[in-house]
>>> print(open('entry-v1.cif').read())   # mmCIF, C-alpha atoms; chains and numbers go by the auth columns
data_structure
#
loop_
_atom_site.group_PDB
_atom_site.id
_atom_site.type_symbol
_atom_site.label_atom_id
_atom_site.label_comp_id
_atom_site.label_asym_id
_atom_site.label_seq_id
_atom_site.Cartn_x
_atom_site.Cartn_y
_atom_site.Cartn_z
_atom_site.B_iso_or_equiv
_atom_site.auth_seq_id
_atom_site.auth_asym_id
ATOM 1 C CA MET A 1 97.660 91.819 100.180 0.00 1 A
ATOM 2 C CA ILE A 2 100.818 91.007 98.216 0.00 2 A
ATOM 3 C CA LEU A 3 104.250 91.860 99.629 0.00 3 A
ATOM 4 C CA TYR A 4 106.762 92.852 96.955 0.00 4 A
ATOM 5 C CA PRO A 5 110.424 92.673 98.050 0.00 5 A
ATOM 6 C CA ALA A 6 112.281 95.514 96.345 0.00 6 A
ATOM 7 C CA ILE A 7 115.586 95.317 94.531 0.00 7 A
ATOM 8 C CA ASP A 8 116.805 98.767 93.548 0.00 8 A
ATOM 9 C CA LEU A 9 119.641 98.641 91.039 0.00 9 A
ATOM 10 C CA LYS A 10 122.437 101.201 90.856 0.00 10 A
ATOM 11 C CA ASP A 11 125.642 100.527 88.927 0.00 11 A
ATOM 12 C CA GLY A 12 124.789 96.820 88.786 0.00 12 A
ATOM 13 C CA GLN A 13 124.362 96.431 92.557 0.00 13 A
ATOM 14 C CA ALA A 14 121.335 96.059 94.828 0.00 14 A
ATOM 15 C CA VAL A 15 121.124 99.264 96.863 0.00 15 A
ATOM 16 C CA ARG A 16 118.714 101.351 98.889 0.00 16 A
ATOM 17 C CA LEU A 17 118.508 105.114 98.785 0.00 17 A
ATOM 18 C CA VAL A 18 117.249 107.548 101.431 0.00 18 A
ATOM 19 C CA HIS A 19 114.517 109.860 100.106 0.00 19 A
ATOM 20 C CA GLY A 20 115.535 108.954 96.567 0.00 20 A
ATOM 21 C CA ASP A 21 118.949 110.610 96.875 0.00 21 A
ATOM 22 C CA MET A 22 121.449 108.844 94.575 0.00 22 A
ATOM 23 C CA ASP A 23 124.299 110.165 96.732 0.00 23 A
ATOM 24 C CA ARG A 24 122.865 108.412 99.787 0.00 24 A
ATOM 25 C CA ALA A 25 122.987 104.824 98.543 0.00 25 A
ATOM 26 C CA THR A 26 123.741 101.803 100.710 0.00 26 A
ATOM 27 C CA VAL A 27 124.927 98.717 98.824 0.00 27 A
ATOM 28 C CA PHE A 28 123.242 95.603 100.190 0.00 28 A
ATOM 29 C CA ASN A 29 124.306 93.030 97.626 0.00 29 A
ATOM 30 C CA ASP A 30 126.666 93.151 94.665 0.00 30 A
ATOM 31 C CA ASP A 31 124.860 90.124 93.182 0.00 31 A
ATOM 32 C CA PRO A 32 121.251 91.206 92.608 0.00 32 A
ATOM 33 C CA ALA A 33 120.235 87.820 91.188 0.00 33 A
ATOM 34 C CA ALA A 34 121.431 86.085 94.365 0.00 34 A
ATOM 35 C CA GLN A 35 119.437 88.609 96.387 0.00 35 A
ATOM 36 C CA ALA A 36 116.363 87.897 94.302 0.00 36 A
ATOM 37 C CA ARG A 37 116.781 84.145 94.757 0.00 37 A
ATOM 38 C CA ALA A 38 117.001 84.653 98.526 0.00 38 A
ATOM 39 C CA PHE A 39 113.676 86.504 98.483 0.00 39 A
ATOM 40 C CA VAL A 40 112.096 83.756 96.373 0.00 40 A
ATOM 41 C CA ASP A 41 113.485 81.061 98.667 0.00 41 A
ATOM 42 C CA ALA A 42 111.793 82.863 101.581 0.00 42 A
ATOM 43 C CA GLY A 43 108.478 82.481 99.768 0.00 43 A
ATOM 44 C CA CYS A 44 107.757 85.747 97.959 0.00 44 A
ATOM 45 C CA LYS A 45 105.353 85.534 95.020 0.00 45 A
ATOM 46 C CA TRP A 46 106.469 88.730 93.259 0.00 46 A
ATOM 47 C CA LEU A 47 109.587 90.889 92.915 0.00 47 A
ATOM 48 C CA HIS A 48 109.732 94.666 92.532 0.00 48 A
ATOM 49 C CA LEU A 49 112.720 95.915 90.543 0.00 49 A
ATOM 50 C CA VAL A 50 113.897 99.485 89.944 0.00 50 A
ATOM 51 C CA ASP A 51 116.583 100.613 87.506 0.00 51 A
ATOM 52 C CA LEU A 52 117.698 103.711 89.422 0.00 52 A
ATOM 53 C CA ASN A 53 120.296 104.776 86.862 0.00 53 A
ATOM 54 C CA GLY A 54 117.709 104.235 84.152 0.00 54 A
ATOM 55 C CA ALA A 55 115.218 106.509 85.901 0.00 55 A
ATOM 56 C CA PHE A 56 117.685 109.381 85.576 0.00 56 A
ATOM 57 C CA ALA A 57 119.002 108.434 82.123 0.00 57 A
ATOM 58 C CA GLY A 58 115.571 107.847 80.602 0.00 58 A
ATOM 59 C CA THR A 59 116.680 104.539 79.114 0.00 59 A
ATOM 60 C CA PRO A 60 117.568 101.109 80.591 0.00 60 A
ATOM 61 C CA VAL A 61 120.987 101.094 82.275 0.00 61 A
ATOM 62 C CA ASN A 62 120.894 98.022 84.550 0.00 62 A
ATOM 63 C CA ALA A 63 119.556 95.623 81.936 0.00 63 A
ATOM 64 C CA ALA A 64 122.121 92.912 82.663 0.00 64 A
ATOM 65 C CA PRO A 65 121.249 92.411 86.359 0.00 65 A
ATOM 66 C CA VAL A 66 117.522 92.617 85.567 0.00 66 A
ATOM 67 C CA GLU A 67 117.893 89.894 82.946 0.00 67 A
ATOM 68 C CA ALA A 68 119.922 87.798 85.383 0.00 68 A
ATOM 69 C CA ILE A 69 117.127 88.110 87.955 0.00 69 A
ATOM 70 C CA LEU A 70 114.480 87.131 85.399 0.00 70 A
ATOM 71 C CA LYS A 71 116.495 84.054 84.430 0.00 71 A
ATOM 72 C CA ALA A 72 117.199 83.035 88.038 0.00 72 A
ATOM 73 C CA CYS A 73 113.727 83.486 89.542 0.00 73 A
ATOM 74 C CA PRO A 74 110.484 81.657 88.720 0.00 74 A
ATOM 75 C CA VAL A 75 108.183 84.330 90.214 0.00 75 A
ATOM 76 C CA PRO A 76 106.755 87.300 88.275 0.00 76 A
ATOM 77 C CA ALA A 77 108.600 90.609 88.477 0.00 77 A
ATOM 78 C CA GLN A 78 107.680 94.229 87.841 0.00 78 A
ATOM 79 C CA LEU A 79 110.237 96.846 86.786 0.00 79 A
ATOM 80 C CA GLY A 80 110.354 100.626 86.770 0.00 80 A
ATOM 81 C CA GLY A 81 113.027 103.091 85.722 0.00 81 A
ATOM 82 C CA GLY A 82 113.947 104.281 82.252 0.00 82 A
ATOM 83 C CA ILE A 83 110.928 102.771 80.473 0.00 83 A
ATOM 84 C CA ARG A 84 109.663 105.616 78.297 0.00 84 A
ATOM 85 C CA ASP A 85 108.751 104.213 74.870 0.00 85 A
ATOM 86 C CA MET A 86 106.929 101.266 73.313 0.00 86 A
ATOM 87 C CA ALA A 87 110.147 99.665 72.088 0.00 87 A
ATOM 88 C CA THR A 88 111.485 99.430 75.650 0.00 88 A
ATOM 89 C CA ILE A 89 108.156 98.131 76.948 0.00 89 A
ATOM 90 C CA GLU A 90 108.067 95.452 74.265 0.00 90 A
ATOM 91 C CA MET A 91 111.717 94.566 74.916 0.00 91 A
ATOM 92 C CA TRP A 92 111.208 93.982 78.618 0.00 92 A
ATOM 93 C CA LEU A 93 107.994 92.006 78.237 0.00 93 A
ATOM 94 C CA SER A 94 109.645 89.828 75.576 0.00 94 A
ATOM 95 C CA LYS A 95 112.415 89.000 78.055 0.00 95 A
ATOM 96 C CA GLY A 96 109.946 87.595 80.561 0.00 96 A
ATOM 97 C CA LEU A 97 109.148 90.626 82.708 0.00 97 A
ATOM 98 C CA GLU A 98 105.555 90.373 83.946 0.00 98 A
ATOM 99 C CA ARG A 99 104.834 94.074 84.404 0.00 99 A
ATOM 100 C CA VAL A 100 106.419 97.349 83.354 0.00 100 A
ATOM 101 C CA ILE A 101 105.985 100.390 85.593 0.00 101 A
ATOM 102 C CA LEU A 102 105.572 103.683 83.765 0.00 102 A
ATOM 103 C CA GLY A 103 106.289 106.724 85.913 0.00 103 A
ATOM 104 C CA THR A 104 107.732 109.773 84.186 0.00 104 A
ATOM 105 C CA VAL A 105 105.853 109.092 80.939 0.00 105 A
ATOM 106 C CA ALA A 106 102.581 108.851 82.870 0.00 106 A
ATOM 107 C CA VAL A 107 102.950 112.599 83.398 0.00 107 A
ATOM 108 C CA GLU A 108 104.748 113.580 80.194 0.00 108 A
ATOM 109 C CA ASN A 109 103.102 111.223 77.699 0.00 109 A
ATOM 110 C CA PRO A 110 99.917 109.699 79.144 0.00 110 A
ATOM 111 C CA ASP A 111 98.852 108.545 75.678 0.00 111 A
ATOM 112 C CA LEU A 112 101.779 106.097 75.718 0.00 112 A
ATOM 113 C CA VAL A 113 100.435 104.559 78.935 0.00 113 A
ATOM 114 C CA ARG A 114 97.041 104.092 77.322 0.00 114 A
ATOM 115 C CA GLU A 115 98.554 102.631 74.144 0.00 115 A
ATOM 116 C CA ALA A 116 100.732 100.227 76.112 0.00 116 A
ATOM 117 C CA ALA A 117 97.880 99.139 78.387 0.00 117 A
ATOM 118 C CA ARG A 118 95.757 98.363 75.333 0.00 118 A
ATOM 119 C CA ALA A 119 98.582 96.496 73.617 0.00 119 A
ATOM 120 C CA PHE A 120 99.627 94.519 76.697 0.00 120 A
ATOM 121 C CA PRO A 121 96.591 94.055 78.973 0.00 121 A
ATOM 122 C CA GLY A 122 97.547 93.283 82.560 0.00 122 A
ATOM 123 C CA HIS A 123 101.218 94.042 82.004 0.00 123 A
ATOM 124 C CA VAL A 124 101.352 97.822 82.481 0.00 124 A
ATOM 125 C CA ALA A 125 101.376 99.621 85.826 0.00 125 A
ATOM 126 C CA VAL A 126 101.638 103.322 86.596 0.00 126 A
ATOM 127 C CA GLY A 127 104.183 104.519 89.129 0.00 127 A
ATOM 128 C CA ILE A 128 103.106 107.645 90.975 0.00 128 A
ATOM 129 C CA ASP A 129 105.892 109.099 93.088 0.00 129 A
ATOM 130 C CA ALA A 130 104.784 112.034 95.201 0.00 130 A
ATOM 131 C CA ARG A 131 106.288 114.547 97.562 0.00 131 A
ATOM 132 C CA ASP A 132 103.667 116.328 99.690 0.00 132 A
ATOM 133 C CA GLY A 133 100.957 115.106 97.337 0.00 133 A
ATOM 134 C CA LYS A 134 102.589 116.414 94.142 0.00 134 A
ATOM 135 C CA VAL A 135 104.113 114.107 91.546 0.00 135 A
ATOM 136 C CA ALA A 136 107.885 114.028 90.965 0.00 136 A
ATOM 137 C CA THR A 137 109.441 112.589 87.794 0.00 137 A
ATOM 138 C CA LYS A 138 112.820 111.643 86.280 0.00 138 A
ATOM 139 C CA GLY A 139 114.071 109.695 89.273 0.00 139 A
ATOM 140 C CA TRP A 140 112.297 112.140 91.606 0.00 140 A
ATOM 141 C CA ALA A 141 114.616 114.922 90.446 0.00 141 A
ATOM 142 C CA THR A 142 111.882 116.973 88.767 0.00 142 A
ATOM 143 C CA GLU A 143 108.991 118.425 90.777 0.00 143 A
ATOM 144 C CA THR A 144 105.632 118.974 89.073 0.00 144 A
ATOM 145 C CA ASP A 145 102.355 120.659 89.985 0.00 145 A
ATOM 146 C CA VAL A 146 100.444 117.479 89.155 0.00 146 A
ATOM 147 C CA ASP A 147 98.288 116.161 91.995 0.00 147 A
ATOM 148 C CA ALA A 148 98.875 112.448 92.655 0.00 148 A
ATOM 149 C CA THR A 149 95.176 111.601 92.985 0.00 149 A
ATOM 150 C CA ASP A 150 94.243 113.535 89.846 0.00 150 A
ATOM 151 C CA LEU A 151 96.912 111.647 87.903 0.00 151 A
ATOM 152 C CA ALA A 152 95.645 108.301 89.185 0.00 152 A
ATOM 153 C CA LYS A 153 92.057 109.176 88.262 0.00 153 A
ATOM 154 C CA SER A 154 93.121 110.131 84.747 0.00 154 A
ATOM 155 C CA PHE A 155 94.022 106.476 84.089 0.00 155 A
ATOM 156 C CA GLU A 156 90.810 105.064 85.535 0.00 156 A
ATOM 157 C CA ASP A 157 89.601 103.932 82.115 0.00 157 A
ATOM 158 C CA ALA A 158 92.997 103.032 80.627 0.00 158 A
ATOM 159 C CA GLY A 159 93.158 99.402 81.729 0.00 159 A
ATOM 160 C CA VAL A 160 96.347 99.673 83.772 0.00 160 A
ATOM 161 C CA ALA A 161 97.034 96.703 86.047 0.00 161 A
ATOM 162 C CA ALA A 162 98.066 98.645 89.152 0.00 162 A
ATOM 163 C CA ILE A 163 99.231 101.947 90.577 0.00 163 A
ATOM 164 C CA ILE A 164 102.421 101.933 92.626 0.00 164 A
ATOM 165 C CA TYR A 165 102.191 104.906 94.959 0.00 165 A
ATOM 166 C CA THR A 166 105.441 106.027 96.563 0.00 166 A
ATOM 167 C CA ASP A 167 105.661 108.702 99.226 0.00 167 A
ATOM 168 C CA ILE A 168 109.151 110.047 98.524 0.00 168 A
ATOM 169 C CA ASN A 169 109.550 111.597 101.963 0.00 169 A
ATOM 170 C CA ARG A 170 109.051 108.180 103.552 0.00 170 A
ATOM 171 C CA ASP A 171 111.167 106.133 101.139 0.00 171 A
ATOM 172 C CA GLY A 172 114.182 104.441 102.697 0.00 172 A
ATOM 173 C CA ALA A 173 113.721 106.348 105.936 0.00 173 A
ATOM 174 C CA MET A 174 112.285 103.442 107.979 0.00 174 A
ATOM 175 C CA GLY A 175 109.644 105.770 109.399 0.00 175 A
ATOM 176 C CA GLY A 176 106.515 103.949 108.283 0.00 176 A
ATOM 177 C CA PRO A 177 104.407 104.442 105.151 0.00 177 A
ATOM 178 C CA ASN A 178 101.989 107.303 104.554 0.00 178 A
ATOM 179 C CA ILE A 179 98.926 105.177 105.183 0.00 179 A
ATOM 180 C CA PRO A 180 96.291 107.964 105.103 0.00 180 A
ATOM 181 C CA ALA A 181 97.464 109.249 101.704 0.00 181 A
ATOM 182 C CA THR A 182 97.774 105.753 100.239 0.00 182 A
ATOM 183 C CA GLU A 183 94.382 104.704 101.564 0.00 183 A
ATOM 184 C CA ALA A 184 92.764 107.878 100.217 0.00 184 A
ATOM 185 C CA LEU A 185 94.266 107.226 96.793 0.00 185 A
ATOM 186 C CA ALA A 186 93.078 103.607 96.833 0.00 186 A
ATOM 187 C CA GLN A 187 89.577 104.760 97.717 0.00 187 A
ATOM 188 C CA ALA A 188 89.594 107.340 94.927 0.00 188 A
ATOM 189 C CA VAL A 189 90.199 104.844 92.111 0.00 189 A
ATOM 190 C CA SER A 190 89.148 101.328 91.171 0.00 190 A
ATOM 191 C CA ILE A 191 92.687 100.451 90.009 0.00 191 A
ATOM 192 C CA PRO A 192 94.590 98.270 92.528 0.00 192 A
ATOM 193 C CA VAL A 193 96.997 100.425 94.558 0.00 193 A
ATOM 194 C CA ILE A 194 100.362 99.177 95.852 0.00 194 A
ATOM 195 C CA ALA A 195 101.963 101.107 98.713 0.00 195 A
ATOM 196 C CA SER A 196 105.662 102.005 98.616 0.00 196 A
ATOM 197 C CA GLY A 197 107.944 104.072 100.786 0.00 197 A
ATOM 198 C CA GLY A 198 108.691 103.574 104.473 0.00 198 A
ATOM 199 C CA VAL A 199 107.222 100.074 104.934 0.00 199 A
ATOM 200 C CA SER A 200 109.487 99.038 107.790 0.00 200 A
ATOM 201 C CA SER A 201 107.699 96.691 110.201 0.00 201 A
ATOM 202 C CA LEU A 202 105.112 93.944 110.488 0.00 202 A
ATOM 203 C CA GLY A 203 102.924 96.591 112.106 0.00 203 A
ATOM 204 C CA ASP A 204 103.117 98.711 108.956 0.00 204 A
ATOM 205 C CA LEU A 205 102.076 95.738 106.836 0.00 205 A
ATOM 206 C CA THR A 206 99.206 94.948 109.185 0.00 206 A
ATOM 207 C CA ALA A 207 97.996 98.561 109.089 0.00 207 A
ATOM 208 C CA LEU A 208 98.124 98.640 105.294 0.00 208 A
ATOM 209 C CA LYS A 209 96.275 95.330 105.051 0.00 209 A
ATOM 210 C CA ASP A 210 93.681 96.483 107.573 0.00 210 A
ATOM 211 C CA THR A 211 92.619 99.374 105.324 0.00 211 A
ATOM 212 C CA GLY A 212 90.940 96.743 103.177 0.00 212 A
ATOM 213 C CA VAL A 213 91.607 98.787 100.018 0.00 213 A
ATOM 214 C CA ILE A 214 95.383 98.574 99.501 0.00 214 A
ATOM 215 C CA SER A 215 96.275 95.574 97.340 0.00 215 A
ATOM 216 C CA GLY A 216 100.010 95.368 97.896 0.00 216 A
ATOM 217 C CA ALA A 217 103.062 96.755 99.672 0.00 217 A
ATOM 218 C CA ILE A 218 106.681 97.165 98.595 0.00 218 A
ATOM 219 C CA SER A 219 109.483 96.911 101.129 0.00 219 A
ATOM 220 C CA GLY A 220 113.214 97.162 100.638 0.00 220 A
ATOM 221 C CA ARG A 221 115.514 98.446 103.357 0.00 221 A
ATOM 222 C CA ALA A 222 113.521 96.775 106.162 0.00 222 A
ATOM 223 C CA LEU A 223 114.045 93.375 104.547 0.00 223 A
ATOM 224 C CA TYR A 224 117.775 93.962 104.117 0.00 224 A
ATOM 225 C CA ASP A 225 118.211 95.352 107.637 0.00 225 A
ATOM 226 C CA GLY A 226 116.184 92.534 109.198 0.00 226 A
ATOM 227 C CA ALA A 227 113.494 94.839 110.560 0.00 227 A
ATOM 228 C CA ILE A 228 111.014 92.675 108.636 0.00 228 A
ATOM 229 C CA ASP A 229 111.488 88.916 108.423 0.00 229 A
ATOM 230 C CA LEU A 230 110.187 88.123 104.948 0.00 230 A
ATOM 231 C CA ALA A 231 108.964 84.598 105.735 0.00 231 A
ATOM 232 C CA ALA A 232 107.148 85.824 108.871 0.00 232 A
ATOM 233 C CA ALA A 233 105.614 88.735 106.981 0.00 233 A
ATOM 234 C CA LEU A 234 104.362 86.501 104.187 0.00 234 A
ATOM 235 C CA ALA A 235 102.862 84.088 106.724 0.00 235 A
ATOM 236 C CA MET A 236 101.142 86.978 108.512 0.00 236 A
ATOM 237 C CA LEU A 237 99.662 88.361 105.303 0.00 237 A
ATOM 238 C CA LYS A 238 98.493 84.903 104.254 0.00 238 A
ATOM 239 C CA GLY A 239 96.811 84.391 107.601 0.00 239 A
#
>>> encode(input="entry-v1.cif", output="structure tokens")
Amino acid sequence: MILYPAIDLKDGQAVRLVHGDMDRATVFNDDPAAQARAFVDAGCKWLHLVDLNGAFAGTPVNAAPVEAILKACPVPAQLGGGIRDMATIEMWLSKGLERVILGTVAVENPDLVREAARAFPGHVAVGIDARDGKVATKGWATETDVDATDLAKSFEDAGVAAIIYTDINRDGAMGGPNIPATEALAQAVSIPVIASGGVSSLGDLTALKDTGVISGAISGRALYDGAIDLAAALAMLKG
């Protein structure tokens, strides 16, 4: 199971939100590229990046810090937030991003996801952010009636590289991930599923790994707060 350290970008800084609330942001580093290098120095093999402003704006906002991270770090990175057309997908992949994460458009324009996955095999992931099992879009500001599992199943034949499943109620709250829901989703589809939201201890990582069906986990606040020691976590997952 791969551990993805998260760098959430708001106004050019690395922050963490509670339950996706932009008004409840804690700044952890005003130099996101330095933060990324610290994660890489600790041994991570991937980075998970989110353009929070972009998720609300519908277009890239924190491009400069993302580009700085891509230049500074030799490991692959995936990015979500504000990626809603082919031009933006092509732009990011041309700049060295390994994987784009399509969230809002997965609900509003699923044909774009399919087109992108065909055009860029292995480089397109779907972000499914859910509150009580129902998908939320546009930076989690818009609730839908779309069931998270149904949405995941709809891309079963699209060739997407992964599904990043975030339980919004757990995100940034340090209360542990929603393992039953994530495991059920992973069992429902053949696409690799990455867990996000609430991953806050080595015990959480062990429990996710022990399901045998979850391929990755994203953690942010716990790494910044020291609740998870990144090097120790990576060693545990390797072992």
>>> resolve_selection(input="entry-v1.cif", expression="the PyMOL selection byres ((chain A and resi 187) around 12)", output="list in words")
Thr149, Ala152, Lys153, Ile179, Pro180, Ala181, Thr182, Glu183, Ala184, Leu185, Ala186, Ala188, Val189, Ser190, Ile191, Pro192, Val193, Thr211, Gly212, Val213, Ile214 and Ser215 of chain A
>>> residues_around(input="entry-v1.cif", residues="segment 67-72 of chain A", least_positions_apart="5", cutoff="10 Å", atoms="only C-alpha atoms", output="short mmCIF file (atom, residue, chain, number, x, y, z; two decimals) with C-alpha atoms, in the frame of the given file")
data_model
loop_
_atom_site.label_atom_id
_atom_site.label_comp_id
_atom_site.auth_asym_id
_atom_site.auth_seq_id
_atom_site.Cartn_x
_atom_site.Cartn_y
_atom_site.Cartn_z
CA ILE A 7 115.59 95.32 94.53
CA ASP A 31 124.86 90.12 93.18
CA PRO A 32 121.25 91.21 92.61
CA ALA A 33 120.24 87.82 91.19
CA ALA A 34 121.43 86.08 94.36
CA GLN A 35 119.44 88.61 96.39
CA ALA A 36 116.36 87.90 94.30
CA ARG A 37 116.78 84.14 94.76
CA VAL A 40 112.10 83.76 96.37
CA LEU A 47 109.59 90.89 92.92
CA LEU A 49 112.72 95.92 90.54
CA ASN A 62 120.89 98.02 84.55
CA ALA A 77 108.60 90.61 88.48
CA TRP A 92 111.21 93.98 78.62
CA LYS A 95 112.42 89.00 78.06
CA GLY A 96 109.95 87.60 80.56
CA LEU A 97 109.15 90.63 82.71
CA GLU A 98 105.56 90.37 83.95
#
>>> atom_distance(input="entry-v1.cif", atom1="atom CA of Leu237 of chain A", atom2="atom CA of Ile164 of chain A")
18.8 Å
>>> resolve_selection(input="entry-v1.cif", expression="the PyMOL selection byres ((chain A and resi 103) around 6)", output="list of chain:residue names")
A:Leu102, A:Thr104, A:Val105, A:Ala106, A:Val126, A:Gly127
>>> resolve_selection(input="entry-v1.cif", expression="the PyMOL selection byres ((chain A and resi 51-60) around 12)", output="PyMOL selection string")
chain A and resi 6-17+20-23+25+32+48-50+61-67+78-89+91-92+100-105+127+136-142
>>> axis_aligned_box(input="entry-v1.cif", around="segment 93-101 of chain A", padding_each_side="3 Å", output="lines of an AutoDock Vina configuration file")
center_x = 108.6
center_y = 94.0
center_z = 80.6
size_x = 13.6
size_y = 18.8
size_z = 16.0
>>> closest_residue(input="entry-v1.cif", among="A:Arg99, A:Asp204, A:Asp129, A:Glu115", to="Asp167 of chain A", atoms="all atoms listed in the file")
A:Asp129
>>> atom_distance(input="entry-v1.cif", atom1="atom CA of Met1 of chain A", atom2="atom CA of Ala217 of chain A")
7.3 Å
>>> residues_around(input="entry-v1.cif", residues="Gly198 of chain A", least_positions_apart="6", cutoff="10 Å", atoms="all atoms listed in the file", output="VMD selection string")
chain A and resid 18 to 19 166 to 179 204 218 to 222
>>> atom_distance(input="entry-v1.cif", atom1="atom CA of Leu230 of chain A", atom2="atom CA of Leu202 of chain A")
9.5 Å
>>> closest_residue(input="entry-v1.cif", among="A:Ile2, A:Val160, A:Val107, A:Ala195", to="Lys238 of chain A", atoms="only C-alpha atoms")
A:Ile2
>>> residues_around(input="entry-v1.cif", residues="Ser201 of chain A", least_positions_apart="3", cutoff="7 Å", atoms="all atoms listed in the file", output="PyMOL selection string")
chain A and resi 204-205+227-228
>>> closest_residue(input="entry-v1.cif", among="A:Cys73, A:Leu93, A:Val146, A:Ala125", to="Glu108 of chain A", atoms="only C-alpha atoms")
A:Val146
>>> closest_residue(input="entry-v1.cif", among="A:Asp157, A:Asp41, A:Asp30, A:Asp229", to="Val113 of chain A", atoms="all atoms listed in the file")
A:Asp157
>>> closest_residue(input="entry-v1.cif", among="A:His123, A:Lys209, A:Arg131, A:Lys45", to="Ala231 of chain A", atoms="all atoms listed in the file")
A:Lys45
>>> closest_residue(input="entry-v1.cif", among="A:Ser94, A:Thr206, A:Thr144, A:Ser154", to="Arg114 of chain A", atoms="only C-alpha atoms")
A:Ser154
